[in-house]
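Novice: CSV, C-alpha atoms, saved as upload-v1.csv, coming up:
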chain,number,residue,atom,x,y,z
A,20,MET,CA,0.0,0.0,0.0
A,21,ILE,CA,1.3,3.5,-0.8
A,22,ILE,CA,0.2,7.1,-0.1
A,23,SER,CA,-0.7,8.4,-3.6
A,24,ASN,CA,-2.2,11.8,-2.7
A,25,VAL,CA,-2.2,14.2,0.2
A,26,PHE,CA,-4.7,17.0,0.8
A,27,ILE,CA,-3.8,19.7,3.3
A,28,ARG,CA,-6.1,22.6,4.4
A,29,ALA,CA,-5.3,25.4,6.9
A,30,TYR,CA,-2.0,23.9,8.2
A,31,LYS,CA,0.5,26.6,9.2
A,32,SER,CA,1.5,28.4,6.0
A,33,ILE,CA,-0.6,26.1,3.8
A,34,PHE,CA,-4.1,27.5,3.0
A,35,GLU,CA,-5.1,24.7,0.8
A,36,MET,CA,-3.0,22.1,-1.2
A,37,ASN,CA,-3.4,18.9,-3.2
A,38,LEU,CA,-0.1,17.1,-3.3
A,39,PRO,CA,0.5,14.0,-5.5
A,40,ILE,CA,3.0,11.6,-3.9
A,41,ASP,CA,5.3,9.7,-6.1
A,42,PRO,CA,5.3,5.9,-5.5
A,43,ARG,CA,9.0,6.0,-4.7
A,44,ILE,CA,10.6,9.5,-4.2
A,45,THR,CA,9.0,12.9,-3.9
A,46,ILE,CA,11.4,15.9,-3.8
A,47,LEU,CA,10.4,19.3,-2.5
A,48,ILE,CA,12.6,22.2,-3.7
A,49,GLY,CA,12.1,25.9,-3.4
A,50,PRO,CA,13.4,29.1,-1.7
A,51,ASN,CA,13.9,29.4,2.1
A,52,GLY,CA,10.7,30.1,3.9
A,53,SER,CA,8.5,28.8,1.2
A,54,GLY,CA,6.9,26.1,3.4
A,55,LYS,CA,8.8,22.9,2.4
A,56,THR,CA,9.3,21.9,6.1
A,57,ASN,CA,5.6,22.6,6.8
A,58,ILE,CA,4.6,20.1,4.2
A,59,LEU,CA,6.7,17.4,5.8
A,60,LYS,CA,5.3,18.4,9.3
A,61,ALA,CA,1.8,18.2,7.9
A,62,LEU,CA,2.4,14.6,6.7
A,63,GLU,CA,3.8,13.7,10.1
A,64,ALA,CA,0.8,15.3,11.8
A,65,PHE,CA,-1.5,12.7,10.3
A,66,LYS,CA,-0.2,10.2,12.9
A,67,LEU,CA,-2.5,9.8,15.9
A,68,ASP,CA,0.4,10.1,18.4
A,69,THR,CA,1.5,13.6,17.2
A,70,PRO,CA,0.2,16.8,18.8
A,71,TYR,CA,-2.7,18.2,16.8
A,72,ASN,CA,-4.6,21.3,17.8
A,73,ASN,CA,-5.6,24.8,16.6
A,74,THR,CA,-2.1,26.2,17.3
A,75,LEU,CA,-1.2,24.6,14.0
A,76,THR,CA,-3.9,26.3,12.1
A,77,CYS,CA,-3.1,28.7,9.2
A,78,GLN,CA,-3.7,32.2,10.5
A,79,TYR,CA,-5.3,33.6,7.3
A,80,SER,CA,-7.8,30.8,7.0
A,81,GLU,CA,-11.4,30.6,8.1
A,82,HIS,CA,-10.4,27.6,10.3
A,83,TYR,CA,-8.3,30.0,12.4
A,84,TYR,CA,-11.1,32.4,13.1
A,85,GLN,CA,-13.4,29.5,13.9
A,86,LYS,CA,-10.7,28.0,16.2
A,87,LYS,CA,-10.7,24.8,14.2
A,88,CYS,CA,-7.8,22.4,13.7
A,89,PRO,CA,-6.3,21.9,10.2
A,90,GLU,CA,-7.5,19.1,7.9
A,91,ILE,CA,-5.1,16.6,6.5
A,92,ALA,CA,-6.3,13.7,4.2
A,93,PHE,CA,-4.3,10.8,2.7
A,94,GLU,CA,-5.3,8.7,-0.2
A,95,PHE,CA,-4.1,5.1,0.0
A,96,SER,CA,-3.8,2.9,-3.1
A,97,LYS,CA,-2.0,-0.1,-4.6
A,98,ILE,CA,-3.4,-2.3,-2.0
A,99,SER,CA,-1.5,-5.7,-1.8
A,100,LYS,CA,-3.0,-9.0,-0.8
A,101,GLU,CA,-1.3,-8.7,2.5
A,102,ASN,CA,-2.7,-5.2,3.0
A,103,ARG,CA,-6.1,-6.4,2.1
A,104,ARG,CA,-6.0,-9.3,4.5
A,105,LYS,CA,-5.2,-6.8,7.3
A,106,LEU,CA,-7.9,-4.3,6.2
A,107,LEU,CA,-10.5,-7.1,6.1
A,108,MET,CA,-9.8,-7.7,9.8
A,109,VAL,CA,-10.9,-4.1,10.3
A,110,SER,CA,-14.0,-4.1,8.1
A,111,ASP,CA,-15.5,-6.0,5.1
A,112,VAL,CA,-15.9,-2.7,3.2
A,113,PHE,CA,-12.3,-3.0,2.1
A,114,LYS,CA,-13.0,-6.3,0.2
A,115,ASN,CA,-13.0,-4.9,-3.3
A,116,VAL,CA,-11.7,-1.3,-3.0
A,117,ASN,CA,-8.7,-0.1,-5.0
A,118,SER,CA,-8.2,3.1,-2.9
A,119,PHE,CA,-9.6,5.0,0.1
A,120,TYR,CA,-9.2,8.3,1.9
A,121,ILE,CA,-8.6,9.0,5.6
A,122,LYS,CA,-9.0,12.6,6.8
A,123,ARG,CA,-7.8,13.9,10.2
A,124,GLN,CA,-9.4,17.1,11.5
A,125,GLY,CA,-8.9,16.9,15.3
A,126,PRO,CA,-6.7,15.6,18.1
A,127,ASP,CA,-8.5,12.3,18.9
A,128,ALA,CA,-9.2,9.1,17.1
A,129,VAL,CA,-12.9,10.1,16.7
A,130,ASP,CA,-11.6,13.0,14.6
A,131,TYR,CA,-10.6,10.7,11.7
A,132,ASN,CA,-13.0,10.0,8.9
A,133,VAL,CA,-12.8,7.2,6.3
A,134,TYR,CA,-14.1,7.6,2.7
A,135,ILE,CA,-14.5,5.1,-0.1
A,136,ASP,CA,-15.6,6.6,-3.5
A,137,ASP,CA,-16.4,9.9,-1.7
A,138,MET,CA,-18.8,8.1,0.6
A,139,GLU,CA,-18.0,8.2,4.4
A,140,VAL,CA,-17.7,4.8,6.0
A,141,GLU,CA,-19.3,4.4,9.4
A,142,ASN,CA,-18.4,2.2,12.4
A,143,ILE,CA,-14.7,1.8,11.7
A,144,ASP,CA,-12.2,1.0,14.4
A,145,ILE,CA,-9.9,3.9,13.4
A,146,VAL,CA,-7.0,2.9,15.8
A,147,LYS,CA,-7.0,-0.6,14.3
A,148,LEU,CA,-7.2,0.8,10.8
A,149,LEU,CA,-4.3,3.2,11.3
A,150,SER,CA,-2.1,0.3,12.5
A,151,CYS,CA,-2.6,-1.3,9.0
A,152,LEU,CA,-1.1,1.8,7.2
A,153,PRO,CA,2.5,2.6,6.2
A,154,ASN,CA,4.5,4.0,9.1
A,155,ILE,CA,5.4,7.7,8.8
A,156,LEU,CA,8.9,8.5,10.1
A,157,TYR,CA,10.1,12.1,10.1
A,158,PHE,CA,13.8,12.7,10.3
A,159,GLU,CA,14.6,16.3,11.1
A,160,ASN,CA,18.0,15.8,12.7
A,161,ILE,CA,20.0,12.6,12.2
A,162,PRO,CA,21.7,11.6,15.5
A,163,LEU,CA,25.4,11.6,14.7
A,164,LEU,CA,27.6,8.7,15.5
A,165,LYS,CA,29.7,9.1,18.6
A,166,ASN,CA,33.2,8.0,19.4
A,167,ARG,CA,32.3,5.5,22.0
A,168,VAL,CA,29.3,4.0,24.0
A,169,ASP,CA,29.2,2.0,27.1
A,170,TYR,CA,27.3,-1.2,27.7
A,171,PHE,CA,24.7,0.4,30.0
A,172,ASN,CA,23.8,3.1,27.5
A,173,LEU,CA,23.3,0.4,24.8
A,174,VAL,CA,20.9,-1.7,26.8
A,175,ASP,CA,18.9,1.0,28.5
A,176,GLY,CA,17.1,1.8,25.2
A,177,LYS,CA,17.4,5.6,25.5
A,178,ALA,CA,17.2,7.6,22.3
A,179,GLY,CA,20.6,9.3,22.7
A,180,PHE,CA,22.4,6.2,21.5
A,181,THR,CA,20.1,5.0,18.7
A,182,THR,CA,22.8,5.4,16.0
A,183,GLU,CA,25.3,3.3,17.9
A,184,ARG,CA,22.7,0.5,18.4
A,185,ASN,CA,21.8,0.6,14.7
A,186,LEU,CA,25.5,0.4,13.9
A,187,LEU,CA,25.7,-2.9,15.8
A,188,LYS,CA,22.5,-4.0,14.2
A,189,ILE,CA,23.8,-3.8,10.7
A,190,GLY,CA,26.9,-5.5,11.9
A,191,GLY,CA,24.8,-8.5,13.0
A,192,ILE,CA,25.0,-7.8,16.7
A,193,ASP,CA,21.6,-8.2,18.5
A,194,ASN,CA,23.0,-9.5,21.8
A,195,TYR,CA,25.3,-6.9,23.3
A,196,GLU,CA,26.5,-9.3,25.9
A,197,ILE,CA,28.6,-11.1,23.2
A,198,ILE,CA,30.9,-8.2,22.1
A,199,PHE,CA,31.5,-7.2,25.8
A,200,GLU,CA,32.7,-10.7,26.7
A,201,ASP,CA,36.4,-10.9,27.6
A,202,SER,CA,36.8,-14.0,25.4
A,203,THR,CA,37.9,-15.1,22.0
A,204,ARG,CA,34.2,-15.3,21.0
A,205,GLY,CA,33.7,-11.6,22.0
A,206,ARG,CA,36.7,-10.4,20.1
A,207,ARG,CA,35.8,-12.4,17.0
A,208,ALA,CA,32.2,-10.9,17.2
A,209,SER,CA,33.6,-7.4,17.3
A,210,VAL,CA,36.0,-8.0,14.3
A,211,GLU,CA,33.2,-9.7,12.2
A,212,ALA,CA,30.8,-6.8,13.0
A,213,GLY,CA,33.4,-4.3,11.9
A,214,ARG,CA,34.0,-6.2,8.7
A,215,ILE,CA,30.2,-6.3,7.8
A,216,ILE,CA,29.8,-2.6,8.6
A,217,THR,CA,32.8,-1.7,6.5
A,218,GLU,CA,31.5,-3.7,3.5
A,219,ASN,CA,28.1,-1.9,3.7
A,220,ILE,CA,29.7,1.5,3.9
A,221,ARG,CA,32.1,0.9,1.0
A,222,ARG,CA,29.3,0.0,-1.3
A,223,VAL,CA,27.7,3.5,-0.9
A,224,TRP,CA,30.7,5.8,-0.2
A,225,SER,CA,32.6,6.3,-3.5
A,226,GLN,CA,34.9,9.1,-2.3
A,227,GLU,CA,37.1,6.8,-0.3
A,228,PRO,CA,36.9,3.1,-1.3
A,229,THR,CA,39.4,2.1,1.5
A,230,ILE,CA,37.2,3.3,4.3
A,231,GLU,CA,37.2,0.9,7.3
A,232,ILE,CA,35.2,0.7,10.5
A,233,LYS,CA,36.7,-1.0,13.5
A,234,LEU,CA,35.1,-1.9,16.8
A,235,ASN,CA,37.2,-2.2,20.0
A,236,VAL,CA,36.0,-3.1,23.4
A,237,ASN,CA,37.8,-2.2,26.6
A,238,GLY,CA,35.9,-3.3,29.7
A,239,LYS,CA,32.4,-2.0,29.4
A,240,VAL,CA,33.1,0.6,26.7
A,241,LEU,CA,32.9,0.1,23.0
A,242,TYR,CA,35.2,2.4,20.9
A,243,ILE,CA,34.3,3.1,17.3
A,244,ASP,CA,37.3,3.9,15.0
A,245,VAL,CA,37.4,4.9,11.3
A,246,SER,CA,40.3,4.8,8.9
A,247,ASP,CA,41.2,5.1,5.2
A,248,ASN,CA,44.4,4.8,3.2
A,249,THR,CA,45.5,8.3,4.2
A,250,THR,CA,45.1,8.0,8.0
A,251,VAL,CA,45.6,5.7,10.9
A,252,PHE,CA,42.4,4.9,12.8
A,253,ASP,CA,40.7,7.9,14.2
A,254,THR,CA,37.3,8.7,15.7
A,255,PRO,CA,34.0,9.6,14.0
A,256,GLU,CA,34.0,13.0,15.7
A,257,THR,CA,37.4,13.9,14.1
A,258,ARG,CA,36.1,13.2,10.6
A,259,SER,CA,34.4,15.8,8.5
A,260,LEU,CA,30.9,16.7,9.4
A,261,GLY,CA,29.7,15.7,5.9
A,262,PHE,CA,31.1,12.2,6.2
A,263,ARG,CA,29.9,11.8,9.8
A,264,TRP,CA,26.4,12.8,8.8
A,265,TYR,CA,26.4,10.5,5.8
A,266,LEU,CA,27.6,7.6,7.9
A,267,SER,CA,25.0,8.2,10.5
A,268,PHE,CA,22.2,8.6,7.9
A,269,TYR,CA,23.1,5.4,6.2
A,270,ILE,CA,23.4,3.5,9.5
A,271,ASN,CA,20.0,4.6,10.7
A,272,PHE,CA,18.1,4.1,7.5
A,273,LEU,CA,19.7,0.7,6.7
A,274,ALA,CA,18.9,-0.6,10.2
A,275,GLN,CA,15.4,0.8,10.0
A,276,THR,CA,14.7,-1.0,6.7
A,277,TYR,CA,16.7,-4.2,7.3
A,278,ASN,CA,13.8,-6.6,7.7
A,279,THR,CA,10.9,-4.5,6.6
A,280,ARG,CA,8.2,-5.4,4.0
A,281,VAL,CA,7.6,-3.5,0.8
A,282,HIS,CA,6.0,-0.1,1.5
A,283,GLU,CA,6.0,-0.5,5.2
A,284,TYR,CA,7.4,3.1,5.7
A,285,ILE,CA,7.2,6.5,4.3
A,286,PHE,CA,10.3,8.5,5.3
A,287,LEU,CA,10.3,12.3,5.6
A,288,ILE,CA,13.7,13.9,5.5
A,289,ASP,CA,14.5,17.6,5.9
A,290,GLU,CA,17.5,18.8,4.0
A,291,PRO,CA,19.5,15.6,3.7
A,292,GLY,CA,23.2,15.9,2.8
A,293,ILE,CA,23.4,19.6,3.4
A,294,HIS,CA,27.1,19.2,4.6
A,295,LEU,CA,28.1,16.9,1.8
A,296,HIS,CA,30.4,17.6,-1.1
A,297,PRO,CA,28.6,17.2,-4.5
A,298,ALA,CA,30.2,13.8,-5.0
A,299,GLY,CA,28.9,12.8,-1.6
A,300,GLN,CA,25.4,14.1,-2.5
A,301,LYS,CA,25.5,11.9,-5.6
A,302,ASP,CA,26.3,8.9,-3.4
A,303,LEU,CA,23.4,9.9,-1.1
A,304,LEU,CA,21.1,10.0,-4.1
A,305,ARG,CA,22.0,6.5,-5.0
A,306,VAL,CA,21.3,5.4,-1.4
A,307,VAL,CA,17.9,7.1,-1.5
A,308,GLU,CA,17.1,5.3,-4.8
A,309,HIS,CA,18.0,2.0,-3.2
A,310,LEU,CA,15.9,2.7,-0.1
A,311,ALA,CA,13.0,3.7,-2.3
A,312,GLN,CA,12.8,0.3,-3.8
A,313,LYS,CA,10.9,-0.8,-0.6
A,314,ASN,CA,9.7,2.5,0.9
A,315,GLN,CA,8.3,5.9,-0.1
A,316,ILE,CA,10.6,8.8,0.6
A,317,MET,CA,10.0,12.5,0.6
A,318,TYR,CA,12.7,15.1,1.2
A,319,THR,CA,13.4,18.8,0.9
A,320,THR,CA,16.6,20.1,-0.7
A,321,HIS,CA,18.2,23.1,-2.4
A,322,SER,CA,20.8,21.0,-4.2
A,323,PRO,CA,20.6,20.1,-7.9
A,324,PHE,CA,22.8,17.1,-7.1
A,325,LEU,CA,20.0,15.5,-5.1
A,326,ILE,CA,17.6,15.6,-8.1
A,327,ASN,CA,17.6,12.7,-10.5
A,328,ARG,CA,16.7,14.3,-13.8
A,329,GLU,CA,15.7,11.0,-15.3
A,330,PHE,CA,12.6,11.3,-13.1
A,331,PRO,CA,11.4,14.9,-13.4
A,332,GLN,CA,7.9,14.0,-12.3
A,333,ARG,CA,9.2,13.5,-8.8
A,334,VAL,CA,10.0,17.2,-8.2
A,335,ARG,CA,7.6,19.5,-6.6
A,336,LEU,CA,8.4,23.2,-6.7
A,337,VAL,CA,7.3,24.9,-3.4
A,338,THR,CA,6.6,28.7,-3.4
A,339,LYS,CA,4.9,31.1,-1.1
A,340,SER,CA,2.7,34.1,-1.9
A,341,ARG,CA,-0.2,36.0,-0.3
A,342,GLU,CA,-2.3,32.8,-0.8
A,343,GLY,CA,0.2,30.8,1.3
A,344,THR,CA,2.4,27.9,0.4
A,345,ARG,CA,1.7,26.4,-3.0
A,346,VAL,CA,3.1,23.5,-5.0
A,347,ASP,CA,3.9,23.3,-8.8
A,348,ASN,CA,3.9,19.7,-9.8
A,349,GLU,CA,5.4,20.4,-13.3
A,350,ALA,CA,8.6,22.4,-12.4
A,351,TYR,CA,10.4,20.5,-15.2
A,352,ARG,CA,8.4,22.1,-18.0
A,353,GLN,CA,10.2,24.4,-20.5
A,354,ASN,CA,13.6,23.0,-19.6
A,355,TRP,CA,13.0,23.5,-15.8
A,356,ARG,CA,12.3,27.2,-16.3
A,357,PRO,CA,9.9,27.5,-13.3
A,358,LEU,CA,12.5,25.9,-11.0
A,359,ARG,CA,15.4,28.0,-12.3
A,360,LYS,CA,13.4,31.1,-12.0
A,361,SER,CA,12.3,30.3,-8.4
A,362,ILE,CA,15.8,29.7,-7.1
A,363,GLY,CA,17.5,32.4,-9.2
A,364,LEU,CA,19.8,30.0,-11.1
A,365,VAL,CA,21.2,31.4,-14.3
A,366,ILE,CA,23.9,30.3,-16.7
A,367,GLY,CA,26.3,32.8,-15.4
A,368,ASP,CA,26.3,31.0,-12.0
A,369,LEU,CA,28.0,28.0,-13.5
A,370,PHE,CA,31.8,27.8,-13.7
A,371,PHE,CA,32.2,24.4,-15.4
A,372,PHE,CA,33.2,25.6,-18.8
A,373,SER,CA,35.4,24.0,-21.4
A,374,ASP,CA,38.9,25.3,-21.9
A,375,SER,CA,38.0,26.2,-25.5
A,376,GLY,CA,34.8,27.2,-27.1
A,377,VAL,CA,33.1,28.3,-30.3
A,378,VAL,CA,30.9,31.3,-30.9
A,379,LEU,CA,28.6,30.7,-33.8
A,380,GLU,CA,26.5,33.4,-35.4
A,381,VAL,CA,23.5,32.3,-37.4
A,382,PRO,CA,21.2,34.3,-39.6
A,383,GLY,CA,17.8,35.0,-38.2
A,384,ARG,CA,14.7,37.1,-38.8
A,385,LYS,CA,15.7,39.6,-36.1
A,386,GLY,CA,19.0,40.5,-37.6
A,387,SER,CA,22.4,40.2,-35.8
A,388,PHE,CA,23.4,37.7,-33.2
A,389,LEU,CA,23.4,40.6,-30.6
A,390,ASN,CA,19.8,41.5,-31.4
A,391,ARG,CA,18.7,37.9,-31.3
A,392,PHE,CA,20.4,37.5,-27.9
A,393,LYS,CA,18.6,40.6,-26.6
A,394,SER,CA,15.3,39.3,-27.8
A,395,MET,CA,15.9,35.9,-26.1
A,396,GLY,CA,16.6,37.8,-22.9
A,397,GLU,CA,13.3,39.7,-23.3
A,398,ASP,CA,11.5,36.4,-23.8
A,399,GLU,CA,13.0,35.1,-20.5
Could you write out this file's structure as structure tokens?

Specialist:
Amino acid sequence: MIISNVFIRAYKSIFEMNLPIDPRITILIGPNGSGKTNILKALEAFKLDTPYNNTLTCQYSEHYYQKKCPEIAFEFSKISKENRRKLLMVSDVFKNVNSFYIKRQGPDAVDYNVYIDDMEVENIDIVKLLSCLPNILYFENIPLLKNRVDYFNLVDGKAGFTTERNLLKIGGIDNYEIIFEDSTRGRRASVEAGRIITENIRRVWSQEPTIEIKLNVNGKVLYIDVSDNTTVFDTPETRSLGFRWYLSFYINFLAQTYNTRVHEYIFLIDEPGIHLHPAGQKDLLRVVEHLAQKNQIMYTTHSPFLINREFPQRVRLVTKSREGTRVDNEAYRQNWRPLRKSIGLVIGDLFFFSDSGVVLEVPGRKGSFLNRFKSMGEDE
């Protein structure tokens, strides 16, 4: 099951918006302050366990003066056999449907409404129904990998060491007791986990193919070391912020999707790869493409390196006017002119020119090359 459409009304800077969601990747791009993050937050706000009240309401909407909450509706489609089996445990009305809507307009479960073919469905256990839907995970700040973690912080389950736990998870370590054993078995487990983690990272980090992750245990403390062919082992915190972010991003997402079923998650990511070199952003884009084979992903960006131009239909241009935040779903038309105009990108901003070039003058109805160039500028 996927989310194929989102309707948002009176949420923060969004007066009213219909947003088509790509089956794999949806990219929000636009100027600062246009409302990209508000779109992500609106999708997250659909979850029952998120705060939802009239403090989120758009201040220039009728909802605000009526002290009403925003409205957020999701359309779900591409229902698999497994999805349908679960839905039928909620209600028989889902037996032959191809899609359905759920709208949230208040803080409680009773404030959700279900629609099939524009007809409201009554007597639905909404809590049970919501448990059948794809999980929505919003990543605003990726917790960066630390230099070390002790045994007690790993086992207590606190959020501050999520990345370190996920690092061990992709290394095949589920039982922390093993690597903290003062034994041959414990040392072998640490070495093998480091090898598996290194193999995973090398597959997705092209800038340094000799990168290596090593895990060392001393007493009740696990030390995490990183090296490449230019350095001896050092710590994650001494590496560049871009690499440390990328490593932490990959660890968390790989661990999250390790044993998931298809379309079990929709990931919302605000400004991924902002600290990465363009080559690193291209690596990140390949990772996102891989993750999107099983999950839907939506992210905001200002970087052209995080846009796969083979799939222009994924891009949504976000702008803001007196009518609030709006979305252009065809930002790629006219050779991406709406997008270029929005972010102020012109040819003169580029510095990747050839060492030699040719200037060609061709005859035209408007006379000289200079006049033709001026007329092109006027058309722009």

Novice: For Ser118 (chain A), find every residue with an atom within 12 Å (counting only C-alpha atoms), except residues of its own chain fewer than 3 positions away, and show them as a PyMOL selection string.

Specialist: chain A and resi 20-24+93-99+102-103+106+112-115+121+133-137

Novice: Would you write out those residues with C-alpha atoms, as an mmCIF file, in the coordinates of the input?

Specialist:
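Writing the result to part21.cif gives the following:
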data_model
loop_
_atom_site.group_PDB
_atom_site.id
_atom_site.type_symbol
_atom_site.label_atom_id
_atom_site.label_comp_id
_atom_site.auth_asym_id
_atom_site.auth_seq_id
_atom_site.Cartn_x
_atom_site.Cartn_y
_atom_site.Cartn_z
ATOM 1 C CA MET A 20 0.000 0.000 0.000
ATOM 2 C CA ILE A 21 1.300 3.500 -0.800
ATOM 3 C CA ILE A 22 0.200 7.100 -0.100
ATOM 4 C CA SER A 23 -0.700 8.400 -3.600
ATOM 5 C CA ASN A 24 -2.200 11.800 -2.700
ATOM 6 C CA PHE A 93 -4.300 10.800 2.700
ATOM 7 C CA GLU A 94 -5.300 8.700 -0.200
ATOM 8 C CA PHE A 95 -4.100 5.100 0.000
ATOM 9 C CA SER A 96 -3.800 2.900 -3.100
ATOM 10 C CA LYS A 97 -2.000 -0.100 -4.600
ATOM 11 C CA ILE A 98 -3.400 -2.300 -2.000
ATOM 12 C CA SER A 99 -1.500 -5.700 -1.800
ATOM 13 C CA ASN A 102 -2.700 -5.200 3.000
ATOM 14 C CA ARG A 103 -6.100 -6.400 2.100
ATOM 15 C CA LEU A 106 -7.900 -4.300 6.200
ATOM 16 C CA VAL A 112 -15.900 -2.700 3.200
ATOM 17 C CA PHE A 113 -12.300 -3.000 2.100
ATOM 18 C CA LYS A 114 -13.000 -6.300 0.200
ATOM 19 C CA ASN A 115 -13.000 -4.900 -3.300
ATOM 20 C CA ILE A 121 -8.600 9.000 5.600
ATOM 21 C CA VAL A 133 -12.800 7.200 6.300
ATOM 22 C CA TYR A 134 -14.100 7.600 2.700
ATOM 23 C CA ILE A 135 -14.500 5.100 -0.100
ATOM 24 C CA ASP A 136 -15.600 6.600 -3.500
ATOM 25 C CA ASP A 137 -16.400 9.900 -1.700
#

Novice: Name the closest residue to His309 (chain A) among the candidates A:Thr276, A:Asn271, A:Ser340, A:Thr69; distances are taken between atoms, counting only C-alpha atoms.

Specialist: A:Thr276

Novice: Give the answer as one residue: which of A:Asn154, A:Asn327, A:Ser202, A:Ser322 has the shortest atom-to-atom distance to Arg359 (chain A), using all atoms listed in the file?

Specialist: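 Among the listed residues, the smallest separation from Arg359 (chain A) belongs to A:Ser322.
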
Novice: Taking into account all atoms listed in the file, which residue in the set A:Thr74, A:Gln226, A:Gln85, A:Thr45 is nearest to Met317 (chain A)?

Specialist: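 Distance minimum relative to Met317 (chain A) lands on A:Thr45.
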
Novice: Tell me which protein, DNA and RNA residues are within 12 Å of Gly205 (chain A), counting all atoms listed in the file, leaving out same-chain ones fewer than 3 positions away, and put them as a ChimeraX atom specification.

Specialist: /A:192,194-202,208-212,234-238,241

Novice: Counting all atoms listed in the file, what is within 9 Å of Pro297 (chain A), bar same-chain residues fewer than 2 positions away, as a list in words?

Specialist: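 Residues meeting the cut-off are Leu295, Gly299, Gln300, Lys301, Asp302, Ser322, Phe324 and Leu325 of chain A.
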
Novice: With C-alpha atoms retained, write the just-selected residues as a tab-separated table (two decimals), in the coordinates of the input.

Specialist:
chain	number	residue	atom	x	y	z
A	295	LEU	CA	28.10	16.90	1.80
A	299	GLY	CA	28.90	12.80	-1.60
A	300	GLN	CA	25.40	14.10	-2.50
A	301	LYS	CA	25.50	11.90	-5.60
A	302	ASP	CA	26.30	8.90	-3.40
A	322	SER	CA	20.80	21.00	-4.20
A	324	PHE	CA	22.80	17.10	-7.10
A	325	LEU	CA	20.00	15.50	-5.10
